[in-house]
Amino acid sequence: MKISRRSFLWISGAAITGSLALKLGCAPKQPTTEPGGPVDVEDLRIQYAETTTAICPICGVGCGILVYTENGKIVATEGDPDHPINEGALCSKGSALFNMYYTYNEKGEAVPNPQRMTKVLYRAPKSKDWEVKDWDWALTTIAERVKKTRDEYFQEKNKDGVTVNRCTALAWLGSAMCNNEENYLFQKFCRSLGITNVDHCARL
Amino acid sequence: MTNHWIDYKNSDVIMNFGGNTAENHPISMKWIQKAREERGAKLIVVDPRVTRTAAVADLYAPIRPGTNIAFLSGLINYALENELYHKEYVLNYTNASSLIDPGFGFNDGLFTGSKAAENGQYTYDKATWAYQTDAEGKTLKDETLQDPNCVFQLMKKHYSRYDVKTVSEITGCPEDKFREVAELFCSTGKAGKAGSILYAMGVTQFTHGSQNVRSVAILQLLLGNIGIAGGGVNAQRGQSNVQGACDVGQLYHILTGYMPMPKDAEKDFAGYNATTPKSGYWTNRPKFLVSMLKAWYGNKATSDNDFCFDYLPKLDKDRSHVAMYKYMAQGEIKGMFCFADNPAVGGPTAYRKREYAKKLDWLVVADIFENETAAFWKAPGENPEEIDTEVFLLPAALHFEKDGTITNSGRWIQWRYKAQEPLGDAKPDLWIVDRLFKAVRKAYEAGGKFPDPILDMVWDYGDDADAVKVAMEINGYDAAGALVENFTKLADDGSTSCGSWIYAGYYNNESDPPCKRREKETEGIGSNSKWAFAWPVNRRIVYNRCSCDPEGKPWNPELPVLWWDGSEWKRNDVPDFNATVPPADTAQKPFIMTPELQARLFSSSMAEGPFPEHYEPWESPVANKMSKIQFNPVSKVWYPGDNAEVGSSEFPYIATSYRLTEHYQSGIMTRNMPWLNEVMPEMFVEISPSLAGKIGVKSGDKVIVESKRAQMECKVAVTPRLKPLKVNGEEKEIVGMFFHWGFMGLSKGASANDLIPSIGDANTTIPEYKAFLCNIRRVG
């Protein structure tokens with residue numbers, strides 16, 4: 001949901017002129033002066049941002065998060081004060097979510113977290129390194145591997161002649177970190193191929 | 001959870017048992033504090049360690065890891081002996097009055113029907129674990145609760161063995177402390193009082209984890225704490241969508257909505273349906289199954305072909321995590337997919353996950369950071385040139401880079417909106433699985449082994465898979481082709497479709513789908529019924545018929561969930577019973593999901609027996625005080641000889657594992673966040689000052705921690721949060737370890753799960769992460 005910018009925060013904050021609360025949402029950049037505005041107030045990082053509502057990806061409490069974006073880029077995250085469970089509050093991990101997306105370089109600029117996966121990687125047998133690949137290659141190659149394994153090990157009937165339609169040479173671990181709709185498609189994918197080795201971290 | 005996070009505020013006594021709310025579910029702590037501030041509620045913490053939840057509690061009781069059943073059985077016994085249970089509730093809402101087969105019994109650790117099996121374990125013939133019935137098959141009852149074969153009397157007999165002294169000797173909890181807990185928590189066993197039990201992996205991760213949960217449920221039923229505001233059996237989930245991933249069937253043994261997987265023995269559609277329960281709400285299961293098959297196979301699924309039932313694979317045996325990896329070691333599994341899961345750090349005996357991955361022909365991993373599971377061939381000490389496994393590592397989008405829902409512990413299904421495009425070539429998991437399926441289907445269009453289930457599968461979510469389209473399929477459609485309102489409208493004739501029946505209603509219209517609703521409650525009991533959607537049918541407290549007495553009068557008029565006003569039912573929640581009839585008709589039928597329509601104090605569905613019994617963990621410092629049976633007699637031993645002997649002098653300390661507030665699970669998310677690494681930079685273990693004195697270390701020293709399976713090196717923190725416990729008169733030390741570290745990421749460190757045994761619960765195969773044996777010594 002794109003809701004209107006939480007302008008009341010800005011307005012009420014500005015009225016108090018440069019309050020501490022305001023500074024919490026500020027980028028660590030050099031201060032600028034708003035025409036006609038209070039001279040000691042830094043730019044609020046979320047001043048011109050669009051707001052999107054989300055849910056924290058960490059524990060099972062399900063706290064509401066406001067995600068602020070500018071020019072399609074996340075500029076800040078914070079607790080959603082309208083959410084009935086967390087009422088704006090977040091824990092240490094929830095408060096740090098922005099850092100999963102962006103880190104700061106030596107100049108103090110936010111840059112995409114350099115640890116993130118941004119390319120398809122492939123490791124060939126016996127190789128010491130990853131190779132960068134494209135999606136088309138990866139999807140086609142994985143599909144070939146799946147088909148080869150499934151065709152070789154698929155079992156239509158068990159020894160008693162019961163139709164079992166399974167392939168126990170394939171396995172799938174899904175995730176408590178993926179959305180419901182994603183896990184649902186994992187389930188459809190698995191069962192259509194006859195995969196019975198299906199589990200996820202809930203078992204652990 | 002039977003209840004939900006906000007409902008904590010309605011409790012009178014909250015017992016944090018095997019969970020650590022303040023550190024692992026921090027924000028929910030505010031609702032506990034609210035109950036304390038506004039209602040004068042008391043907080044009890046039972047934990048091996050003085051956690052930060054314990055630090056603010058009214059009452060803290062220590063417990064030896066792996067002795068939950070003894071502790072909880074002691075509380076159950078205390079309630080029974082001192083008549084602190086809620087009599088009217090127990091009589092009407094549980095099977096306490098049901099008569100059991102006179103042949104049923106229990107002797108020296110084993111229930112009737114046991115038979116010796118492999119590895120010193122047992123199997124059970126459950127014939128005597130049954131109700132006595134009349135000629136028509138109706139269960140015989142004694143509502144005076146005096147018959148020696150009624151559930152209530154059998155319980156009293158079974159639990160009388162768990163007296164305070166015995167419990168104290170087993171658990172290491174001092175007798176006076178145990179009595180304080182018993183007195184305070186059992187004070188909720190009357191009308192108008194609510195006690196809540198919050199738990200987490202400190203209850204489940206044991207070889208007897210399921211029976212731990214059952215013990216919690218039995219205690220709560222005796223005290224009348226289920227179905228009421230401020231009560232409940234509340235599992236605090238460690239991950240944001242562990243609830244939802246289970247709800248849509250991402251487990252080997254179920255389809256969507258907790259329908260069981262078809263098995264070889266059932267043979268076919270008719271055989272599967274023959275296992276449908278004969279009473280209770282599960283009698284509707286054929287409607288849910290056929291609707292799922294219609295969602296999956298559309299027009300191809302007809303009554304003539306059993307709705308494509310045979311397209312579903314049949315389950316031959318246990319294929320849970322521990323089992324699956326054993327099969328991988330044995331060479332049965334050739335190819336594996338792993339989405340946002342990191343067993344190479346998070347799994348039990350984690351180093352073996354890395355070892356066994358070498359046996360795979362190929363491995364596909366999708367994640368947001370390069371995790372240890374994908375990079376197993378780079379692990380310290382490995383020679384990649386000797387590893388033949390092909391690995392595909394697919395870049396996944398982060399949570400705020402995609403649309404979709406996740407389900408919290410209170411069963412609230414909440415929509416999360418996309419805020420920015422994924423970085424680089426990263427893609428949402430939805431996109432990845434959609435494209436993978438299409439690529440596989442394309443490969444099968446040219447032929448292959450039984451391609452029909454792949455070619456006939458309904459799969460139409462657009463070029464770039466749209467989460468809304470998937471959500472509507474999960475929600476389902478009615479006979480008229482409109483989004484189905486809820487699961488009561490589903491049919492077994494093929495006229496309706498529904499991907500996961502319990503989710504029917506969460507996206508039942510396109511303009512204002514319930515999972516996207518954002519209207520906060522302004523008055524009421526905290527249900528917030530217009531905020532998101534809670535399964536089932538937006539019910540916030542399940543089994544809520546029990547919130548009233550048989551006549552429909554709320555046990556606590558100040559916190560009414562539902563009430564009968566003399567002519568109709570009034571509500572603060574969606575009723576979990578037929579609310580179109582007067583209360584007398586449902587007075588003894590509040591648990592609609594069991595065939596008995598009552599809660600089971602005695603249950604034949606568990607592997608170990610109808611009542612939970614204390615057995616020691618697989619690795620224990622002492623012999624079982626309760627019986628000759630040392631360890632869960634029906635747990636499957638996957639790796640015989642992989643455990644330290646009872647009272648081992650080589651591994652003399654009790655080990656347990658837990659989490660930090662600043663890191664998360666296998667750490668792959670948080671160890672790549674510089675801010676969190678700054679606050680909690682490295683791996684360490686915790687020991688008591690007395691153990692530190694014994695092994696000659698101080699905080700910050702390096703130690704080697706060793707189990708029968710592996711060893712690791714890390715720093716030690718010496719802390720009074722841990723204290724030795726007196727077990728059978730002898731002091732036993734505890735080593736506590738965090739499990740967030742691995743060899744990848746910005747912050748690297750030893751993986752505690754390398755030390756954990758691969759042994760599981762007999763019902764669920766959840767591994768025993770929380771109680772094992774170790775040694776610890778100073779480096780150098």
# chains A, B, ... in the order shown; residues from 1 in each chain; ligands from 1
call {"tool": "select_by_dssp", "arguments": {"residues": "range 391-464 of chain B", "states": "strand (DSSP E)", "output": "PyMOL selection string"}}
result
chain B and resi 391-395+404-407+412-416
call {"tool": "write_last_selection", "arguments": {"atoms": "C-alpha atoms", "output": "CSV table (one decimal), in the first residue's frame"}}
result
chain,number,residue,atom,x,y,z
B,391,VAL,CA,25.9,-25.9,-7.7
B,392,PHE,CA,23.6,-23.2,-9.0
B,393,LEU,CA,23.3,-20.2,-6.7
B,394,LEU,CA,20.3,-18.0,-7.7
B,395,PRO,CA,20.1,-14.4,-6.5
B,404,GLY,CA,2.9,-11.3,-1.0
B,405,THR,CA,1.7,-12.4,2.5
B,406,ILE,CA,3.3,-13.9,5.5
B,407,THR,CA,1.5,-15.3,8.5
B,412,TRP,CA,-2.6,-13.3,11.1
B,413,ILE,CA,-2.0,-13.3,7.3
B,414,GLN,CA,-0.6,-9.9,6.4
B,415,TRP,CA,0.1,-8.4,3.0
B,416,ARG,CA,3.6,-7.0,2.5
call {"tool": "atom_distance", "arguments": {"atom1": "CA of Pro536 in chain B", "atom2": "CA of Ala579 in chain B"}}
result
15.6 Å
call {"tool": "closest_residue", "arguments": {"among": "B:Ser707, B:Asn77, B:Asn119, B:Asn408", "to": "Arg237 in chain B", "atoms": "only C-alpha atoms"}}
result
B:Asn408
call {"tool": "atom_distance", "arguments": {"atom1": "CA of Asp264 in chain B", "atom2": "CA of Thr594 in chain B"}}
result
25.1 Å
call {"tool": "residues_around", "arguments": {"residues": "range 71-81 of chain A", "least_positions_apart": "6", "cutoff": "8 Å", "atoms": "only C-alpha atoms", "output": "MDAnalysis selection string"}}
result
(chainID A and resid 25 45:46 49 53 63:65 87:90 94:95 97:98 101) or (chainID B and resid 419:421)
call {"tool": "write_last_selection", "arguments": {"atoms": "N, CA and C atoms", "output": "JSON list (two decimals), in the first residue's frame"}}
result
[["chain", "number", "residue", "atom", "x", "y", "z"],
["A", 25, "GLY", "N", 15.50, 10.49, 11.97],
["A", 25, "GLY", "CA", 15.17, 10.14, 10.60],
["A", 25, "GLY", "C", 16.05, 10.85, 9.59],
["A", 45, "ARG", "N", 15.34, 12.70, 6.00],
["A", 45, "ARG", "CA", 15.62, 11.77, 4.91],
["A", 45, "ARG", "C", 14.34, 11.33, 4.19],
["A", 46, "ILE", "N", 13.25, 11.30, 4.95],
["A", 46, "ILE", "CA", 12.02, 10.80, 4.34],
["A", 46, "ILE", "C", 11.10, 11.92, 3.85],
["A", 49, "ALA", "N", 9.82, 11.25, 0.53],
["A", 49, "ALA", "CA", 9.72, 9.82, 0.24],
["A", 49, "ALA", "C", 8.27, 9.35, 0.13],
["A", 53, "THR", "N", 3.79, 0.02, 3.09],
["A", 53, "THR", "CA", 3.68, -0.75, 4.33],
["A", 53, "THR", "C", 4.19, -2.16, 4.10],
["A", 63, "CYS", "N", 5.53, -7.61, 13.09],
["A", 63, "CYS", "CA", 5.47, -6.16, 13.29],
["A", 63, "CYS", "C", 5.33, -5.43, 11.96],
["A", 64, "GLY", "N", 4.62, -4.32, 11.99],
["A", 64, "GLY", "CA", 4.46, -3.49, 10.81],
["A", 64, "GLY", "C", 5.69, -2.60, 10.60],
["A", 65, "ILE", "N", 6.08, -2.46, 9.34],
["A", 65, "ILE", "CA", 7.24, -1.64, 8.99],
["A", 65, "ILE", "C", 6.79, -0.62, 7.96],
["A", 87, "GLU", "N", 2.86, -1.02, 17.24],
["A", 87, "GLU", "CA", 2.57, 0.40, 17.49],
["A", 87, "GLU", "C", 3.80, 1.27, 17.29],
["A", 88, "GLY", "N", 4.55, 0.96, 16.25],
["A", 88, "GLY", "CA", 5.70, 1.80, 15.90],
["A", 88, "GLY", "C", 7.03, 1.32, 16.44],
["A", 89, "ALA", "N", 6.99, 0.46, 17.45],
["A", 89, "ALA", "CA", 8.25, 0.02, 18.06],
["A", 89, "ALA", "C", 8.89, -1.11, 17.25],
["A", 90, "LEU", "N", 10.20, -1.22, 17.32],
["A", 90, "LEU", "CA", 10.92, -2.32, 16.69],
["A", 90, "LEU", "C", 12.07, -2.75, 17.58],
["A", 94, "GLY", "N", 14.84, -5.53, 13.88],
["A", 94, "GLY", "CA", 13.84, -4.82, 13.08],
["A", 94, "GLY", "C", 14.26, -3.40, 12.78],
["A", 95, "SER", "N", 14.93, -2.76, 13.74],
["A", 95, "SER", "CA", 15.38, -1.38, 13.54],
["A", 95, "SER", "C", 16.51, -1.30, 12.53],
["A", 97, "LEU", "N", 16.84, -3.11, 9.74],
["A", 97, "LEU", "CA", 16.51, -3.71, 8.44],
["A", 97, "LEU", "C", 17.09, -2.95, 7.25],
["A", 98, "PHE", "N", 17.11, -1.63, 7.35],
["A", 98, "PHE", "CA", 17.65, -0.81, 6.25],
["A", 98, "PHE", "C", 19.04, -1.29, 5.85],
["A", 101, "TYR", "N", 19.64, -3.84, 3.20],
["A", 101, "TYR", "CA", 19.54, -3.32, 1.83],
["A", 101, "TYR", "C", 20.71, -2.42, 1.47],
["B", 419, "ALA", "N", 8.46, -2.43, -2.24],
["B", 419, "ALA", "CA", 8.86, -1.02, -2.10],
["B", 419, "ALA", "C", 9.90, -0.61, -3.13],
["B", 420, "GLN", "N", 10.77, -1.53, -3.52],
["B", 420, "GLN", "CA", 11.75, -1.19, -4.57],
["B", 420, "GLN", "C", 12.01, -2.42, -5.45],
["B", 421, "GLU", "N", 12.61, -2.17, -6.61],
["B", 421, "GLU", "CA", 12.95, -3.28, -7.51],
["B", 421, "GLU", "C", 14.11, -4.07, -6.90]]
